[in-house]
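Student: After the structure tokens below, expect a handful of questions from me.
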Amino acid sequence: MATKITIEQIEAIQQIWGDRLVKVGAFFSKDKDYKAEAEKLVDELYGYNEGTVLFKPTKAAEKQFRLTAEGAVSYFVGANENYPEDKGFALNPWKSVRFENAGFILEVDYAIAMGNYIFTDMQDKETKVEYTFGYFHSVEGVLKINVHHSSLPFITN
């Protein structure tokens, strides 16, 4: 009998996601192949090869839904004529990413986590972003992302 996805599994993939995003920016800063690293992040952590992925990144307005791996990679590294607004979110570069989960829905076939993730830049300035991620077990049995929605917090005047 299959078991529910666990909080520990979600926290593990969140840590990997944050570390990989930081690595893309580090590769960019060191003039290494950062695009290949972003492609690896998307291929290994998102479920585009197995079905639908609903990806709505934070800083996208014109083509705000990224339903293909190409669109996801473009958001992270930019320089894609199909997504001209993309500047490369991962290229900032970031020093660290920290997830603060507000809650989870845990099932056998899927799980959802919602909360904030905090991006710290090289000057130790933090940017708080709200997120909802959906997860599923891939055919290999590893957790992958099939929903990624993030936005900047609402600010009142």
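Ligands are numbered from 1 in the order shown, chains are lettered A, B, ... in the order of the structure tokens, and residues start at 1 in each chain.
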Using only C-alpha atoms, which residues sit within 12 Å of Leu21 in chain A once same-chain residues fewer than 4 positions away are excluded, as a PyMOL selection string?
Tutor: chain A and resi 14-17+25-28+34-35+37-42+45+73+75-77+88-98+119-120
Student: Could the residues in this selection be written to a file with N, CA and C atoms, as a short mmCIF file (atom, residue, chain, number, x, y, z; two decimals), in the first residue's frame?
Tutor:
```cif
data_model
loop_
_atom_site.label_atom_id
_atom_site.label_comp_id
_atom_site.auth_asym_id
_atom_site.auth_seq_id
_atom_site.Cartn_x
_atom_site.Cartn_y
_atom_site.Cartn_z
N GLN A 14 12.39 21.01 -1.02
CA GLN A 14 12.50 22.46 -0.90
C GLN A 14 13.96 22.88 -0.68
N GLN A 15 14.67 22.15 0.15
CA GLN A 15 16.09 22.45 0.38
C GLN A 15 16.89 22.28 -0.91
N ILE A 16 16.61 21.20 -1.63
CA ILE A 16 17.31 20.96 -2.90
C ILE A 16 16.98 22.08 -3.88
N TRP A 17 15.71 22.46 -3.97
CA TRP A 17 15.29 23.52 -4.89
C TRP A 17 16.06 24.81 -4.58
N GLY A 25 22.85 30.78 -9.93
CA GLY A 25 23.43 32.12 -9.82
C GLY A 25 24.93 32.10 -9.62
N ALA A 26 25.41 31.12 -8.85
CA ALA A 26 26.86 30.99 -8.64
C ALA A 26 27.56 30.64 -9.94
N PHE A 27 26.96 29.75 -10.73
CA PHE A 27 27.54 29.41 -12.02
C PHE A 27 27.59 30.64 -12.93
N PHE A 28 26.54 31.44 -12.91
CA PHE A 28 26.50 32.67 -13.71
C PHE A 28 27.63 33.61 -13.28
N TYR A 34 25.63 28.21 -16.68
CA TYR A 34 24.48 28.39 -15.80
C TYR A 34 23.18 27.94 -16.44
N LYS A 35 23.07 28.05 -17.78
CA LYS A 35 21.84 27.61 -18.45
C LYS A 35 21.69 26.10 -18.32
N GLU A 37 22.81 24.32 -15.94
CA GLU A 37 22.47 24.06 -14.53
C GLU A 37 20.98 24.34 -14.28
N ALA A 38 20.44 25.39 -14.90
CA ALA A 38 19.01 25.68 -14.78
C ALA A 38 18.17 24.59 -15.45
N GLU A 39 18.63 24.12 -16.60
CA GLU A 39 17.92 23.02 -17.28
C GLU A 39 17.90 21.77 -16.41
N LYS A 40 19.00 21.51 -15.72
CA LYS A 40 19.09 20.37 -14.81
C LYS A 40 18.13 20.54 -13.65
N LEU A 41 18.07 21.74 -13.07
CA LEU A 41 17.14 22.03 -11.99
C LEU A 41 15.70 21.72 -12.43
N VAL A 42 15.31 22.25 -13.58
CA VAL A 42 13.94 22.06 -14.07
C VAL A 42 13.68 20.60 -14.40
N LEU A 45 13.70 18.49 -10.92
CA LEU A 45 12.80 18.84 -9.83
C LEU A 45 11.35 19.07 -10.25
N VAL A 73 12.80 27.33 -17.56
CA VAL A 73 14.23 27.64 -17.66
C VAL A 73 14.43 29.11 -18.00
N TYR A 75 12.56 31.62 -17.25
CA TYR A 75 12.33 32.45 -16.07
C TYR A 75 13.58 32.49 -15.19
N PHE A 76 14.22 31.36 -15.03
CA PHE A 76 15.39 31.29 -14.16
C PHE A 76 16.62 31.97 -14.75
N VAL A 77 16.80 31.93 -16.09
CA VAL A 77 18.05 32.45 -16.67
C VAL A 77 17.86 33.52 -17.75
N GLY A 88 16.09 36.62 -15.75
CA GLY A 88 16.89 35.58 -15.10
C GLY A 88 16.84 35.70 -13.59
N PHE A 89 15.74 35.27 -12.99
CA PHE A 89 15.56 35.39 -11.55
C PHE A 89 16.70 34.74 -10.77
N ALA A 90 17.19 33.61 -11.23
CA ALA A 90 18.25 32.89 -10.51
C ALA A 90 19.61 33.55 -10.64
N LEU A 91 19.75 34.47 -11.57
CA LEU A 91 21.05 35.09 -11.83
C LEU A 91 21.35 36.24 -10.89
N ASN A 92 20.50 36.54 -9.97
CA ASN A 92 20.59 37.71 -9.10
C ASN A 92 22.02 38.03 -8.62
N PRO A 93 22.84 37.22 -8.10
CA PRO A 93 22.67 35.87 -7.58
C PRO A 93 22.18 35.90 -6.13
N TRP A 94 21.67 34.76 -5.68
CA TRP A 94 21.19 34.62 -4.30
C TRP A 94 22.22 33.87 -3.47
N LYS A 95 22.33 34.25 -2.22
CA LYS A 95 23.22 33.56 -1.28
C LYS A 95 22.53 32.35 -0.68
N SER A 96 21.22 32.49 -0.42
CA SER A 96 20.47 31.38 0.18
C SER A 96 18.98 31.55 -0.08
N VAL A 97 18.27 30.44 0.10
CA VAL A 97 16.82 30.42 0.03
C VAL A 97 16.33 29.63 1.24
N ARG A 98 15.38 30.21 1.95
CA ARG A 98 14.83 29.57 3.15
C ARG A 98 13.31 29.48 3.02
N PHE A 119 14.49 34.86 0.02
CA PHE A 119 15.69 34.86 -0.81
C PHE A 119 16.66 35.89 -0.22
N THR A 120 17.88 35.48 0.07
CA THR A 120 18.89 36.37 0.62
C THR A 120 19.95 36.63 -0.45
#
```
Student: Which residues of range 64-152 of chain A sit at most 10 Å from range 54-60 of chain A, using only C-alpha atoms? Give each one's shortest atom pair and distance in Å (one decimal place), in chain and ascending residue order, as a tab-separated table.
Tutor:
```
residue	atom	partner	partner_atom	distance
A:Gln64	CA	A:Ala60	CA	4.6
A:Phe65	CA	A:Lys56	CA	4.9
A:Arg66	CA	A:Phe55	CA	5.0
A:Leu67	CA	A:Leu54	CA	5.8
A:Thr68	CA	A:Phe55	CA	8.6
A:Ala69	CA	A:Phe55	CA	9.6
A:Gly71	CA	A:Phe55	CA	8.9
A:Ala72	CA	A:Phe55	CA	7.4
A:Tyr75	CA	A:Pro57	CA	7.4
A:Phe76	CA	A:Pro57	CA	9.3
A:Tyr83	CA	A:Ala60	CA	9.3
A:Glu85	CA	A:Ala60	CA	7.2
A:Asp86	CA	A:Ala60	CA	7.3
A:Lys87	CA	A:Lys59	CA	9.2
A:Gly88	CA	A:Lys59	CA	9.8
A:Phe89	CA	A:Lys59	CA	8.0
A:Val129	CA	A:Thr58	CA	7.7
A:Glu130	CA	A:Thr58	CA	8.7
A:Tyr131	CA	A:Thr58	CA	8.8
A:Thr132	CA	A:Lys56	CA	9.8
A:Phe133	CA	A:Phe55	CA	9.0
A:Gly134	CA	A:Leu54	CA	9.0
A:Ile145	CA	A:Leu54	CA	9.1
A:Asn146	CA	A:Leu54	CA	6.1
A:Val147	CA	A:Leu54	CA	4.7
A:His148	CA	A:Phe55	CA	4.6
A:His149	CA	A:Lys56	CA	4.6
A:Ser150	CA	A:Thr58	CA	4.9
A:Ser151	CA	A:Thr58	CA	4.5
A:Leu152	CA	A:Thr58	CA	6.5
```
Student: Among range 9-156 of chain A, which residues does DSSP mark as strand (DSSP E) when it is run on the backbone? Keep the chain and numbering as in the structure and answer as a VMD selection string.
Tutor: chain A and resid 54 to 56 94 to 106 111 to 121 126 to 137 143 to 151
Student: So that each row is one residue of range 9-81 of chain A with an atom at most 12 Å from range 104-115 of chain A, can you give its shortest atom pair and the distance in Å to one decimal, using only C-alpha atoms, rows by chain and rising number, as CSV?
Tutor:
```
residue,atom,partner,partner_atom,distance
A:Gln9,CA,A:Ala111,CA,10.1
A:Ile10,CA,A:Ala113,CA,7.8
A:Glu11,CA,A:Ala113,CA,9.5
A:Ile13,CA,A:Ala113,CA,11.4
A:Gln14,CA,A:Ala113,CA,9.9
```
Student: Output the selection as a PDB file, in the first residue's frame - N, CA and C atoms for each residue.
Tutor:
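Saved the output as selection-v6.pdb:
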```pdb
ATOM      1  N   GLN A   9       9.716  14.752   3.285  1.00  0.00           N
ATOM      2  CA  GLN A   9      10.023  14.664   1.853  1.00  0.00           C
ATOM      3  C   GLN A   9       9.891  16.039   1.197  1.00  0.00           C
ATOM      4  N   ILE A  10       8.855  16.774   1.575  1.00  0.00           N
ATOM      5  CA  ILE A  10       8.652  18.111   1.014  1.00  0.00           C
ATOM      6  C   ILE A  10       9.786  19.039   1.441  1.00  0.00           C
ATOM      7  N   GLU A  11      10.144  19.005   2.710  1.00  0.00           N
ATOM      8  CA  GLU A  11      11.235  19.864   3.176  1.00  0.00           C
ATOM      9  C   GLU A  11      12.554  19.519   2.490  1.00  0.00           C
ATOM     10  N   ILE A  13      12.913  18.327  -0.683  1.00  0.00           N
ATOM     11  CA  ILE A  13      12.919  18.864  -2.048  1.00  0.00           C
ATOM     12  C   ILE A  13      12.976  20.392  -2.025  1.00  0.00           C
ATOM     13  N   GLN A  14      12.391  21.009  -1.017  1.00  0.00           N
ATOM     14  CA  GLN A  14      12.504  22.462  -0.897  1.00  0.00           C
ATOM     15  C   GLN A  14      13.956  22.883  -0.684  1.00  0.00           C
TER      16      GLN A  14
END
```
Student: Any idea what the distance is between CA of Pro84 in chain A and CA of Ser29 in chain A?
Tutor: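 Calculated distance between CA of Pro84 in chain A and CA of Ser29 in chain A is 21.6 Å.
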